[in-house]
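Engineer: This is final-v2.pdb, which holds PDB, C-alpha atoms (C1' of nucleotides):
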```pdb
MODEL        1
ATOM      1  CA  MET A1202    -185.976  46.659 115.450
ATOM      2  CA  SER A1203    -186.559  48.113 111.992
ATOM      3  CA  LYS A1204    -189.973  48.777 110.541
ATOM      4  CA  ALA A1205    -189.142  46.550 107.584
ATOM      5  CA  THR A1206    -188.497  43.701 109.982
ATOM      6  CA  SER A1207    -191.833  43.975 111.718
ATOM      7  CA  VAL A1208    -193.634  44.153 108.397
ATOM      8  CA  SER A1209    -191.964  40.945 107.257
ATOM      9  CA  ARG A1210    -192.916  39.392 110.546
ATOM     10  CA  ARG A1211    -196.532  40.098 109.998
ATOM     11  CA  ARG A1212    -196.260  38.721 106.480
ATOM     12  CA  THR A1213    -194.991  35.446 107.843
ATOM     13  CA  LEU A1214    -198.182  35.005 109.824
ATOM     14  CA  ALA A1215    -200.519  36.128 107.081
ATOM     15  CA  GLY A1216    -202.478  33.208 105.775
ATOM     16  CA  SER A1217    -202.291  31.242 108.983
ATOM     17  CA  ALA A1218    -205.408  32.837 110.393
ATOM     18  CA  PRO A1219    -207.842  30.574 108.469
ATOM     19  CA  VAL A1220    -206.080  27.520 109.838
ATOM     20  CA  PHE A1221    -206.289  28.797 113.399
ATOM     21  CA  ALA A1222    -209.903  29.771 112.859
ATOM     22  CA  ALA A1223    -210.653  26.227 111.730
ATOM     23  CA  LEU A1224    -208.994  24.863 114.853
ATOM     24  CA  GLY A1225    -210.819  27.359 117.040
ATOM     25  CA  ASP A1226    -213.836  25.212 117.742
ATOM     26  CA  GLU A1227    -214.040  22.429 120.304
ATOM     27  CA  THR A1228    -215.923  20.105 117.992
ATOM     28  CA  ARG A1229    -213.478  20.551 115.141
ATOM     29  CA  LEU A1230    -210.497  20.234 117.440
ATOM     30  CA  ALA A1231    -211.961  16.944 118.662
ATOM     31  CA  LEU A1232    -212.346  15.819 115.049
ATOM     32  CA  VAL A1233    -208.727  16.679 114.346
ATOM     33  CA  ALA A1234    -207.671  14.821 117.483
ATOM     34  CA  ARG A1235    -209.671  11.822 116.400
ATOM     35  CA  LEU A1236    -208.206  11.886 112.902
ATOM     36  CA  SER A1237    -204.708  12.258 114.298
ATOM     37  CA  GLU A1238    -205.043   8.638 115.330
ATOM     38  CA  GLY A1239    -204.161   7.976 111.733
ATOM     39  CA  ASP A1240    -207.046   6.015 110.304
ATOM     40  CA  ALA A1241    -209.424   7.304 107.671
ATOM     41  CA  VAL A1242    -212.817   7.648 109.317
ATOM     42  CA  SER A1243    -216.307   8.034 107.927
ATOM     43  CA  ILE A1244    -218.714  10.831 108.778
ATOM     44  CA  THR A1245    -221.034   8.495 110.650
ATOM     45  CA  GLN A1246    -218.170   7.187 112.745
ATOM     46  CA  LEU A1247    -217.001  10.714 113.458
ATOM     47  CA  THR A1248    -220.511  11.729 114.462
ATOM     48  CA  ALA A1249    -220.738   8.987 117.069
ATOM     49  CA  GLY A1250    -219.366  10.431 120.266
ATOM     50  CA  THR A1251    -220.460  13.970 119.612
ATOM     51  CA  ASP A1252    -223.646  15.660 120.700
ATOM     52  CA  VAL A1253    -224.492  17.205 117.360
ATOM     53  CA  THR A1254    -226.075  15.863 114.212
ATOM     54  CA  ARG A1255    -224.350  14.233 111.286
ATOM     55  CA  GLN A1256    -225.017  17.299 109.162
ATOM     56  CA  ALA A1257    -223.276  19.520 111.672
ATOM     57  CA  ILE A1258    -220.248  17.231 111.621
ATOM     58  CA  THR A1259    -220.274  17.268 107.826
ATOM     59  CA  ARG A1260    -220.225  21.035 107.917
ATOM     60  CA  HIS A1261    -217.312  21.058 110.385
ATOM     61  CA  LEU A1262    -215.384  18.668 108.171
ATOM     62  CA  GLU A1263    -215.943  20.980 105.221
ATOM     63  CA  VAL A1264    -214.580  23.877 107.239
ATOM     64  CA  LEU A1265    -211.500  21.854 108.125
ATOM     65  CA  GLU A1266    -211.160  20.826 104.493
ATOM     66  CA  ASP A1267    -211.364  24.443 103.308
ATOM     67  CA  ALA A1268    -208.566  25.246 105.734
ATOM     68  CA  GLY A1269    -206.577  22.389 104.220
ATOM     69  CA  LEU A1270    -206.358  20.532 107.504
ATOM     70  CA  VAL A1271    -208.257  17.499 106.357
ATOM     71  CA  ARG A1272    -209.124  15.663 103.178
ATOM     72  CA  GLY A1273    -212.125  13.559 102.313
ATOM     73  CA  THR A1274    -212.326  10.785  99.746
ATOM     74  CA  ARG A1275    -215.252   8.729  98.643
ATOM     75  CA  ARG A1276    -215.241   4.986  99.072
ATOM     76  CA  GLY A1277    -218.435   3.337  98.065
ATOM     77  CA  ARG A1278    -221.343   4.871  99.892
ATOM     78  CA  GLU A1279    -219.193   6.427 102.551
ATOM     79  CA  ARG A1280    -216.814   9.332 102.679
ATOM     80  CA  LEU A1281    -213.560   8.775 104.494
ATOM     81  CA  TRP A1282    -211.637  11.596 106.101
ATOM     82  CA  ARG A1283    -208.000  11.796 106.991
ATOM     83  CA  LEU A1284    -205.740  14.417 108.481
ATOM     84  CA  GLU A1285    -203.629  16.550 106.186
ATOM     85  CA  ARG A1286    -200.347  17.043 107.969
ATOM     86  CA  ALA A1287    -198.892  19.885 105.899
ATOM     87  CA  LYS A1288    -201.241  22.642 107.042
ATOM     88  CA  LEU A1289    -200.904  21.569 110.634
ATOM     89  CA  ASP A1290    -197.174  22.091 110.354
ATOM     90  CA  ILE A1291    -197.693  25.545 108.920
ATOM     91  CA  ALA A1292    -199.726  26.476 111.974
ATOM     92  CA  ARG A1293    -197.034  25.010 114.195
ATOM     93  CA  ARG A1294    -194.398  27.084 112.502
ATOM     94  CA  SER A1295    -196.478  30.221 112.905
ATOM     95  CA  LEU A1296    -196.648  29.783 116.650
ATOM     96  CA  ALA A1297    -192.988  28.842 116.822
ATOM     97  CA  GLN A1298    -192.234  31.997 114.900
ATOM     98  CA  ILE A1299    -193.984  34.211 117.397
ATOM     99  CA  SER A1300    -192.249  32.488 120.277
ATOM    100  CA  ASP A1301    -188.911  32.908 118.565
ATOM    101  CA  TRP A1302    -189.440  36.617 118.097
ATOM    102  CA  TRP A1303    -190.263  36.834 121.736
ATOM    103  CA  ASP A1304    -187.141  34.934 122.740
ATOM    104  CA  GLU A1305    -185.088  37.100 120.439
ATOM    105  CA  LYS A1306    -186.430  40.191 122.166
ATOM    106  CA  LEU A1307    -185.716  38.807 125.612
ATOM    107  CA  ALA A1308    -182.176  37.987 124.557
ATOM    108  CA  ALA A1309    -181.725  41.530 123.296
ATOM    109  CA  LEU A1310    -183.004  42.895 126.582
ATOM    110  CA  LYS A1311    -180.634  40.684 128.502
ATOM    111  CA  LEU A1312    -177.731  41.928 126.433
ATOM    112  CA  ALA A1313    -178.763  45.508 127.023
ATOM    113  CA  VAL A1314    -178.859  44.949 130.760
ATOM    114  CA  GLU A1315    -175.454  43.326 130.705
ATOM    115  CA  ASP A1316    -173.921  46.277 128.904
TER     116      ASP A1316
ATOM    117  CA  MET B1140    -205.153   2.182 120.304
ATOM    118  CA  SER B1141    -207.547   1.991 123.235
ATOM    119  CA  LYS B1142    -210.687   4.028 123.518
ATOM    120  CA  ALA B1143    -209.459   5.440 126.826
ATOM    121  CA  THR B1144    -206.361   6.698 125.064
ATOM    122  CA  SER B1145    -208.254   8.587 122.397
ATOM    123  CA  VAL B1146    -210.506  10.111 125.001
ATOM    124  CA  SER B1147    -207.500  11.383 126.926
ATOM    125  CA  ARG B1148    -206.143  12.742 123.678
ATOM    126  CA  ARG B1149    -209.224  14.771 123.113
ATOM    127  CA  ARG B1150    -209.073  15.990 126.678
ATOM    128  CA  THR B1151    -205.574  17.282 126.120
ATOM    129  CA  LEU B1152    -206.826  19.542 123.362
ATOM    130  CA  ALA B1153    -209.949  20.670 125.151
ATOM    131  CA  GLY B1154    -209.526  24.234 126.263
ATOM    132  CA  SER B1155    -207.175  25.125 123.477
ATOM    133  CA  ALA B1156    -209.988  25.953 121.095
ATOM    134  CA  PRO B1157    -210.588  29.467 122.487
ATOM    135  CA  VAL B1158    -206.914  30.260 121.995
ATOM    136  CA  PHE B1159    -206.973  29.098 118.390
ATOM    137  CA  ALA B1160    -210.217  30.934 117.816
ATOM    138  CA  ALA B1161    -208.592  34.115 119.100
ATOM    139  CA  LEU B1162    -205.686  33.619 116.708
ATOM    140  CA  GLY B1163    -208.045  32.871 113.847
ATOM    141  CA  ASP B1164    -208.400  36.420 112.640
ATOM    142  CA  GLU B1165    -205.909  38.291 110.484
ATOM    143  CA  THR B1166    -206.209  41.493 112.471
ATOM    144  CA  ARG B1167    -205.670  39.774 115.798
ATOM    145  CA  LEU B1168    -202.806  37.723 114.447
ATOM    146  CA  ALA B1169    -201.203  40.952 113.313
ATOM    147  CA  LEU B1170    -201.685  42.392 116.802
ATOM    148  CA  VAL B1171    -200.038  39.352 118.318
ATOM    149  CA  ALA B1172    -197.177  39.652 115.845
ATOM    150  CA  ARG B1173    -196.777  43.287 116.743
ATOM    151  CA  LEU B1174    -196.801  42.568 120.453
ATOM    152  CA  SER B1175    -194.309  39.761 119.986
ATOM    153  CA  GLU B1176    -191.780  42.484 119.360
ATOM    154  CA  GLY B1177    -191.715  42.677 123.119
ATOM    155  CA  ASP B1178    -192.724  46.213 123.982
ATOM    156  CA  ALA B1179    -195.935  47.171 125.719
ATOM    157  CA  VAL B1180    -197.996  49.124 123.231
ATOM    158  CA  SER B1181    -201.023  51.402 123.598
ATOM    159  CA  ILE B1182    -204.310  50.967 121.780
ATOM    160  CA  THR B1183    -203.747  54.063 119.691
ATOM    161  CA  GLN B1184    -200.339  52.835 118.621
ATOM    162  CA  LEU B1185    -201.770  49.453 117.771
ATOM    163  CA  THR B1186    -204.532  51.064 115.763
ATOM    164  CA  ALA B1187    -202.072  52.961 113.580
ATOM    165  CA  GLY B1188    -201.216  50.673 110.719
ATOM    166  CA  THR B1189    -204.562  48.945 110.555
ATOM    167  CA  ASP B1190    -207.547  49.852 108.435
ATOM    168  CA  VAL B1191    -210.087  49.638 111.214
ATOM    169  CA  THR B1192    -211.139  51.964 113.992
ATOM    170  CA  ARG B1193    -209.707  52.190 117.471
ATOM    171  CA  GLN B1194    -212.866  50.642 118.889
ATOM    172  CA  ALA B1195    -212.498  47.636 116.644
ATOM    173  CA  ILE B1196    -208.922  47.172 117.812
ATOM    174  CA  THR B1197    -210.064  47.497 121.410
ATOM    175  CA  ARG B1198    -212.547  44.682 120.855
ATOM    176  CA  HIS B1199    -209.892  42.501 119.260
ATOM    177  CA  LEU B1200    -207.610  43.090 122.204
ATOM    178  CA  GLU B1201    -210.412  42.095 124.557
ATOM    179  CA  VAL B1202    -210.896  38.871 122.623
ATOM    180  CA  LEU B1203    -207.184  38.149 122.878
ATOM    181  CA  GLU B1204    -207.289  38.998 126.563
ATOM    182  CA  ASP B1205    -210.215  36.645 127.178
ATOM    183  CA  ALA B1206    -208.200  33.920 125.511
ATOM    184  CA  GLY B1207    -205.330  34.769 127.845
ATOM    185  CA  LEU B1208    -202.984  35.615 125.006
ATOM    186  CA  VAL B1209    -202.514  39.209 125.987
ATOM    187  CA  ARG B1210    -202.723  41.411 129.040
ATOM    188  CA  GLY B1211    -203.540  45.063 129.371
ATOM    189  CA  THR B1212    -202.476  47.415 132.112
ATOM    190  CA  ARG B1213    -203.378  51.006 132.691
ATOM    191  CA  ARG B1214    -200.681  53.665 132.748
ATOM    192  CA  GLY B1215    -202.014  57.151 133.094
ATOM    193  CA  ARG B1216    -204.542  57.832 130.389
ATOM    194  CA  GLU B1217    -203.385  55.012 128.200
ATOM    195  CA  ARG B1218    -203.711  51.283 128.326
ATOM    196  CA  LEU B1219    -200.626  49.267 127.495
ATOM    197  CA  TRP B1220    -200.816  45.773 126.098
ATOM    198  CA  ARG B1221    -198.258  43.047 126.181
ATOM    199  CA  LEU B1222    -198.097  39.476 125.017
ATOM    200  CA  GLU B1223    -198.782  36.701 127.498
ATOM    201  CA  ARG B1224    -196.398  33.935 126.611
ATOM    202  CA  ALA B1225    -197.944  31.106 128.634
ATOM    203  CA  LYS B1226    -201.100  30.630 126.589
ATOM    204  CA  LEU B1227    -199.151  30.807 123.387
ATOM    205  CA  ASP B1228    -197.059  27.913 124.589
ATOM    206  CA  ILE B1229    -200.163  25.925 125.434
ATOM    207  CA  ALA B1230    -201.372  26.333 121.872
ATOM    208  CA  ARG B1231    -197.944  25.300 120.629
ATOM    209  CA  ARG B1232    -198.032  22.186 122.717
ATOM    210  CA  SER B1233    -201.491  21.326 121.435
ATOM    211  CA  LEU B1234    -200.304  21.338 117.851
ATOM    212  CA  ALA B1235    -197.134  19.492 118.758
ATOM    213  CA  GLN B1236    -199.294  16.933 120.494
ATOM    214  CA  ILE B1237    -201.351  16.248 117.391
ATOM    215  CA  SER B1238    -198.226  15.991 115.291
ATOM    216  CA  ASP B1239    -196.704  13.587 117.771
ATOM    217  CA  TRP B1240    -199.750  11.342 117.717
ATOM    218  CA  TRP B1241    -199.488  11.340 113.974
ATOM    219  CA  ASP B1242    -195.810  10.456 114.027
ATOM    220  CA  GLU B1243    -196.509   7.747 116.541
ATOM    221  CA  LYS B1244    -199.098   6.259 114.233
ATOM    222  CA  LEU B1245    -196.770   6.412 111.245
ATOM    223  CA  ALA B1246    -194.067   4.675 113.237
ATOM    224  CA  ALA B1247    -196.527   1.954 114.196
ATOM    225  CA  LEU B1248    -197.484   1.517 110.569
ATOM    226  CA  LYS B1249    -193.863   1.281 109.565
ATOM    227  CA  LEU B1250    -193.275  -1.411 112.131
ATOM    228  CA  ALA B1251    -196.302  -3.327 110.909
ATOM    229  CA  VAL B1252    -195.021  -3.230 107.332
ATOM    230  CA  GLU B1253    -191.594  -4.421 108.394
ATOM    231  CA  ASP B1254    -193.064  -7.438 110.133
TER     232      ASP B1254
ATOM    233  C1'  DA C1058    -208.300  76.782 133.001
ATOM    234  C1'  DA C1059    -208.448  75.390 128.168
ATOM    235  C1'  DA C1060    -207.262  72.490 124.709
ATOM    236  C1'  DC C1061    -205.729  68.222 123.346
ATOM    237  C1'  DT C1062    -205.057  63.193 123.628
ATOM    238  C1'  DA C1063    -206.347  58.341 125.072
ATOM    239  C1'  DG C1064    -209.692  55.553 126.007
ATOM    240  C1'  DG C1065    -214.512  53.814 127.595
ATOM    241  C1'  DC C1066    -219.482  53.022 126.697
ATOM    242  C1'  DA C1067    -223.619  52.191 124.114
ATOM    243  C1'  DA C1068    -226.633  51.524 120.237
ATOM    244  C1'  DC C1069    -226.790  49.468 116.050
ATOM    245  C1'  DC C1070    -226.034  46.795 111.796
ATOM    246  C1'  DA C1071    -224.791  43.356 108.192
ATOM    247  C1'  DG C1072    -222.908  39.136 107.395
ATOM    248  C1'  DA C1073    -220.899  34.798 108.787
ATOM    249  C1'  DG C1074    -221.211  30.722 111.440
ATOM    250  C1'  DT C1075    -223.583  26.761 113.919
ATOM    251  C1'  DA C1076    -227.100  23.702 114.130
ATOM    252  C1'  DT C1077    -231.690  21.787 113.053
ATOM    253  C1'  DT C1078    -235.287  19.265 110.384
ATOM    254  C1'  DG C1079    -237.098  17.058 106.295
ATOM    255  C1'  DC C1080    -236.444  14.841 102.165
ATOM    256  C1'  DA C1081    -233.725  12.834  98.254
ATOM    257  C1'  DT C1082    -230.150   9.800  96.496
ATOM    258  C1'  DA C1083    -226.777   6.318  96.306
ATOM    259  C1'  DT C1084    -224.773   1.804  98.020
ATOM    260  C1'  DC C1085    -224.622  -2.470 100.085
ATOM    261  C1'  DC C1086    -226.394  -6.917 101.503
ATOM    262  C1'  DG C1087    -229.344 -10.971 102.100
TER     263       DG C1087
ATOM    264  C1'  DC D 466    -235.697  -6.939  94.510
ATOM    265  C1'  DG D 467    -236.193  -4.625  98.992
ATOM    266  C1'  DG D 468    -234.559  -3.052 103.257
ATOM    267  C1'  DA D 469    -231.037  -0.922 105.749
ATOM    268  C1'  DT D 470    -227.127   2.249 105.781
ATOM    269  C1'  DA D 471    -224.357   6.472 104.452
ATOM    270  C1'  DT D 472    -224.447  10.667 102.727
ATOM    271  C1'  DG D 473    -226.110  14.899 100.076
ATOM    272  C1'  DC D 474    -229.111  18.980  99.563
ATOM    273  C1'  DA D 475    -232.155  22.680 100.995
ATOM    274  C1'  DA D 476    -234.685  25.787 103.819
ATOM    275  C1'  DT D 477    -234.654  27.851 108.115
ATOM    276  C1'  DA D 478    -233.640  29.779 112.805
ATOM    277  C1'  DC D 479    -230.607  31.861 115.810
ATOM    278  C1'  DT D 480    -226.402  33.548 117.695
ATOM    279  C1'  DC D 481    -221.924  35.379 117.262
ATOM    280  C1'  DT D 482    -218.623  38.584 115.044
ATOM    281  C1'  DG D 483    -216.541  42.433 113.380
ATOM    282  C1'  DG D 484    -217.200  46.865 112.444
ATOM    283  C1'  DT D 485    -219.270  51.624 112.696
ATOM    284  C1'  DT D 486    -220.757  56.127 114.651
ATOM    285  C1'  DG D 487    -221.671  59.313 118.377
ATOM    286  C1'  DC D 488    -220.884  60.850 122.747
ATOM    287  C1'  DC D 489    -218.727  60.910 127.400
ATOM    288  C1'  DT D 490    -214.819  60.695 130.817
ATOM    289  C1'  DA D 491    -210.211  61.042 132.350
ATOM    290  C1'  DG D 492    -205.454  62.259 132.180
ATOM    291  C1'  DT D 493    -201.790  65.623 129.853
ATOM    292  C1'  DT D 494    -199.955  69.664 128.372
ATOM    293  C1'  DT D 495    -199.417  74.568 127.836
TER     294       DT D 495
ENDMDL
END
```
Turn this file's structure into C-alpha cells for me.
Structural biologist:
Amino acid sequence: MSKATSVSRRRTLAGSAPVFAALGDETRLALVARLSEGDAVSITQLTAGTDVTRQAITRHLEVLEDAGLVRGTRRGRERLWRLERAKLDIARRSLAQISDWWDEKLAALKLAVED
Amino acid sequence: MSKATSVSRRRTLAGSAPVFAALGDETRLALVARLSEGDAVSITQLTAGTDVTRQAITRHLEVLEDAGLVRGTRRGRERLWRLERAKLDIARRSLAQISDWWDEKLAALKLAVED
DNA sequence: AAACTAGGCAACCAGAGTATTGCATATCCG
DNA sequence: CGGATATGCAATACTCTGGTTGCCTAGTTT
C-alpha cells in the first residue's frame, strides 16, 4: 500500500473523533438511545431515569449538541431535544471505512497466499 | 413503544461507551487507521509520523487495548500492535442499532400519516 | 564486550471534563 | 395574581487525560 493511500485514509477519519468522544460516555449514550425513539424530549424528562442532576444532563446534551449529534429547540418554558441523524451516519461510515480497509487487506493476503 | 423496550435498547448500547471513548481522540483514531492497514506495527514505528512522544503513543495504545480495540504482543525487544476486529464490529453494530431504531420510528410515523 | 535500539517505569503538570449546590428567571395554570 | 414547573447561570470541587522529562532495563548488532 502506498504512503499516499494511508495518508488519505487517515484524512477520512479526521473530524470523526469529536463525535466518538461525545458517544464515549454511558450517560450520553443512554440519552442518544432514548432520543433514537424519535420523539422530542425535554431536559426534565431526560433527567428522569438517570442518577445525576438536571444540570449534569443539560451539560451532556450540550456536549452532544456541540458534536452535532443532537439539536435542542425551545418550546415555551421547556427545551426539547431530538436526535440529529446526519452526524450519526458520519460516525457509522467512519467505522465502516476502517472495517473495509481491514477486509481489503485480508483479501490481498488471501490473494498472495493463492499465488 | 413500551418502557421495557426502551430499557432493553439502552442495555444494548451499554458497554459500547468505552469503545467510543477510546476512538474519541484524533491521535488514537489515527493509530487505529494505521493499524487497519493490517500489519503488526511497533511502538516506535507508530510514533513516527505523530507529533507526540513515544510514551504518549504507548499510553494511547494502552487505552485502545483496554477498550479491546487493539492487542499488543512482544517480539524480541519490540512490542507489535495489531487491530482487534471484534470490538470494532461491536461499535459498528451499536451505531447501526441506533439508526435502525430511528428508521423504525420514521416508518411508524409514515404509517400513521397514511392512515 | 560495547554501543545502539526498543521499550518500560515513575514523577509531575496543566487543562479539560463531570458533577454538585445555590440562586435567578421565565412560563404555565387555576 | 400566586404557586408550581422548567430551565439558565455561576461558583466550586474533584478526577481524568494527555503530554512531558529523566532514567532504567532488555534485546540486537558489530
Engineer: List the residues matched by the PyMOL selection byres ((chain C) within 10 of (chain B)) in the displayed structure as an NGL selection string, ordered by chain and then by residue number.
Structural biologist: :C and (1062-1065)
Engineer: For this structure, which residues satisfy the selection - the PyMOL selection byres ((chain A and resi 1223-1229) around 9) - when it is evaluated on the file as given? I want them as a PyMOL selection string.
Structural biologist: (chain A and resi 1218-1222+1230-1234+1251+1258+1261-1262+1264-1265+1267-1268+1270) or (chain B and resi 1152-1163)
Engineer: Env of stretch 1067-1071 of chain C: 10 Å cut, atoms = all atoms listed in the file, seq-sep filter 3 positions within chain, self excluded. Answer as a list of chain:residue names.
Structural biologist: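 Once the adjacent positions are removed, what remains is D:DG483, D:DG484, D:DT485, D:DT486, D:DG487, D:DC488.
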Engineer: Please list as an MDAnalysis selection string every residue within 12 Å of B:Leu1222, counting only C-alpha atoms (C1' of nucleotides) and excluding residues in the same chain fewer than 2 positions away.
Structural biologist: (chainID A and resid 1299:1300 1302:1303) or (chainID B and resid 1167:1168 1170:1180 1200 1203:1204 1206:1212 1219:1220 1224:1228)
Engineer: Taking the file as shown, find all residues satisfying the PyMOL selection byres ((chain C and resi 1060) around 9) and write them as a list in words.
Structural biologist: DA1059 and DC1061 of chain C; DT494 and DT495 of chain D
Engineer: Restricting it to C-alpha atoms (C1' of nucleotides), dump the selection as a PDB file, in the frame of the given file.
Structural biologist:
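Output contents, as saved in selection.pdb:
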```pdb
ATOM      1  C1'  DA C1059    -208.448  75.390 128.168  1.00  0.00           C
ATOM      2  C1'  DC C1061    -205.729  68.222 123.346  1.00  0.00           C
TER       3       DC C1061
ATOM      4  C1'  DT D 494    -199.955  69.664 128.372  1.00  0.00           C
ATOM      5  C1'  DT D 495    -199.417  74.568 127.836  1.00  0.00           C
TER       6       DT D 495
END
```
